[in-house]
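Chemist: Before I ask anything, here is the structure I am working with.
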Amino acid sequence: MPLLIEQALNGLQLGVMLFLLAAGLTLIFGIMGVINLAQGSLYMVGAYAMAAVAAKTGSFWLAAPAGLLAAAVAGMAMEYLVIRKLYARDHLDQVLATFGLILFFNQMTTLIFGRQPLFVEIPDFLEGSVPIVAGVRYPLYRLAIIAVGLATAVGLYVLIARTRLGMLIRAGATNRDMVRALGVDIRLLYTVLFGLGAMLAGLAGVMAGPILSVQVGMGEQVLILTFVVVVIGGVGSIRGAFAGAMIVGIVDTVLRAFLPGLLRQVMMGPEADALAAGLSAMGVYLLMAIVLLVRPKGLLPAHG
Amino acid sequence: MVDPLKTGGAQRSALKLLALAVLLALLAALPFIATATGQPAMTSLATRIVILAIAAASLNLALGYCGLVSFGHAAWYGVGGYVVGILWRHHVSGEPLFGFIPGSDQLLVTLPLAILVAGLFSAVLGALSLRTSGVQFIMITLAFAQMLFFFFVALKAYGGDDGLIVRRRNALPFIDTRDGPTFYWVCLAFAVAWFLLMWRIVNSRFGKVLAGIRQSERRMAAIGVATYRYKLVCFIISGMGAGLAGALMANHARFVSPDMLHWTQSGELMIMVILGGAGTLLGPAAGAAVLIGLETQLAAWTEHWQAILGPLLVLMILFTRGGLSGLARLVRGGRND
């Protein structure tokens, strides 16, 4: 039972990280109609900027904003230079152009930081673990990730549903030309929105820094998982992204934690471990297949 | 999307046939040219290009003609490669696969099997993926390819991460496939056969339906075409071609690894199709030649060649519609349509 609670929290933690990425991806897709593969690169930019500043200054409070800022700036530059010209194109062009961006970002990161992964210390005030229920202790840092992730989800909901900026964003999604005719600078709005999506990815990168190794290619691993989240949740829907992220996070974590033990009861140890590793890596994709069989548009599609 | 063989008058098509014949003769003579100019490595490079041209042409059937943007074609390519690798492993050990399928080192056995298995995989996963369309289809094909990637990484019995070495190329009766130029001609023959098949398919009734689905699936459905079935068959043929290419590549490189299924490989196949011009018969071959040539050239200059290739790709997408032919139009100052 303690193990189950711990793994459920781990799943929740992976889930909120995936949500941050999926929210950015689906926001940009739902509103601008652009599929941005380079969302994973922005995650990487956030993590690297954070790791570099943390290594130089040793201060978490400088490093975290630096990561967010770097991701947002990289995102807005990307929108201004490339993505802006892709709004009217089909998805194929968008996929290929952003694929080119990934190659560029990965190679430039290798050029600047080298191939060795970077490691980031957990900040002092989040060090250690706290008891949650009797006999179960859980790392404070991971709890903080969950808290920040959930707070961001609420903040995003308020921003989109309750503020003037959110109203403009929703209006821009429905009819771009009409919003423009009413005197809103829609290009600026899109750039800001893209920066927001980039910052969400950067936030995930910043938070991942201390618990994962910061390395080239970290973006793509999480990007593909993010796609699974978006397909399961329903493309273009923030609520769907949240539901999908939680499901994928928990299923992935629980499979990885419990499948080896289950299989070891019927097979030899090392063989069971190898098979379990394979099956749990494939697990979320099988889940996606099942969801699509039942609901081809995902669990909570954006429109109807 | 005009068939290059069918535009213009009889004279022009005769000219085109002549050009094709010259091109084919040049390709066939390439190993001799390579030896004569003292660059024997060129034959190996050309073999890779020819093999990837098969894979790109297969993807083009789905992507260019039918409008199915599959971002997971490296999966079928890798599956084809693994069929060759696994059969070789069982041929060497003498133990039958699953207890009843004997291993083989005969190209005439392994190649059809690779095509068949790739076809089976693409049938099952394609049937699921085709329930979606648009951007979901892009994402789901990518995700399924990634699933197969992890499957082969976890497949420790066949090398897992490290891949499988095929110590000797599969044999053909009366032909020495271990000889570089000979294997190049074998691959070239398969490529020519595959492109002829593509040409037949594209100009058949089936091909016309595919083009109709690309232009407007709703209208095709409205005139009574069961579009799902056509798309699925198209996807399966496309997967089989990629499987053929993978099997040939496993023989050429004498090595298979999960890298063949990596998502960047899928991306590269898409680039080849777009670079050469999606929905043109020979475009993918040109795209394969240009991309592989460019990569080889850039890699010779700098280790960080991807930092150059990436922006080049972005520029190409932004400013030339329709790849190389778009570029040619741009240079001539013509209209991009």
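Naming works like this for the structure tokens: A, B, ... for the chains as they're shown, residue 1 at the start of each chain, ligands 1 onward in shown order.
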Write out as a list in words every residue belonging to chain B that has an atom at most 6 Å from any atom of chain A, counting only C-alpha atoms.
Modeler: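 Using only C-alpha atoms, chain B residues at most 6 Å from chain A: Thr132, Met139, Met147, Phe151, Ala154, Gln306, Ala307, Gly310, Leu313 and Val314 of chain B.
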Chemist: Find the residues near Cys66 in chain B: any atom within 6 Å, counting only C-alpha atoms, skip ones fewer than 6 places away on the same chain, and give them as a PyMOL selection string.
Modeler: chain B and resi 210-211+214
Chemist: Could you tell me which of B:Ala53, B:Leu128, B:Leu23, B:Leu172 comes closest to Ser104 in chain B if we count only C-alpha atoms?
Modeler: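 Once distances to Ser104 in chain B are computed over only C-alpha atoms, the minimum belongs to B:Leu172.
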Chemist: Which neighbours of Ala70 in chain A fall inside 8 Å, counting only C-alpha atoms, when residues of the same chain fewer than 6 positions from it are skipped, and could you give them as an NGL selection string?
Modeler: :A and (45-46 or 49 or 202)
Chemist: Compile the contact shell of Ala34 in chain B as a PyMOL selection string: residues with an atom at most 7 Å away, counting only C-alpha atoms, same-chain residues fewer than 6 positions apart removed.
Modeler: chain B and resi 40+42-43
Chemist: Please identify which residues in range 143-231 of chain B DSSP calls strand (DSSP E or B) from the backbone, and express them as number ranges by chain.
Modeler: B: 164-165, 171-172, 175
Chemist: By how many Å are CA of Gly212 in chain B and CA of Ala286 in chain B apart?
Modeler: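 Interatomic distance here is 25.3 Å.
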Chemist: Looking at only C-alpha atoms, which of A:Ala144, A:Leu118, A:Ile160, A:Val154 is the one that sits closest to Gly209 in chain A?
Modeler: A:Leu118
Chemist: I'd like the neighbourhood of Gly195 in chain A as a VMD selection string, where a residue qualifies if any of its atoms comes within 8 Å (using only C-alpha atoms), though same-chain residues fewer than 4 positions away should be ignored.
Modeler: chain A and resid 71 to 73 75 to 76 191 199
Chemist: Give the answer as one residue: which of A:Ala23, A:Ile238, A:Leu140, A:Leu9 has the shortest atom-to-atom distance to Ala161 in chain A, using only C-alpha atoms?
Modeler: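 The closest residue to Ala161 in chain A is A:Ile238.
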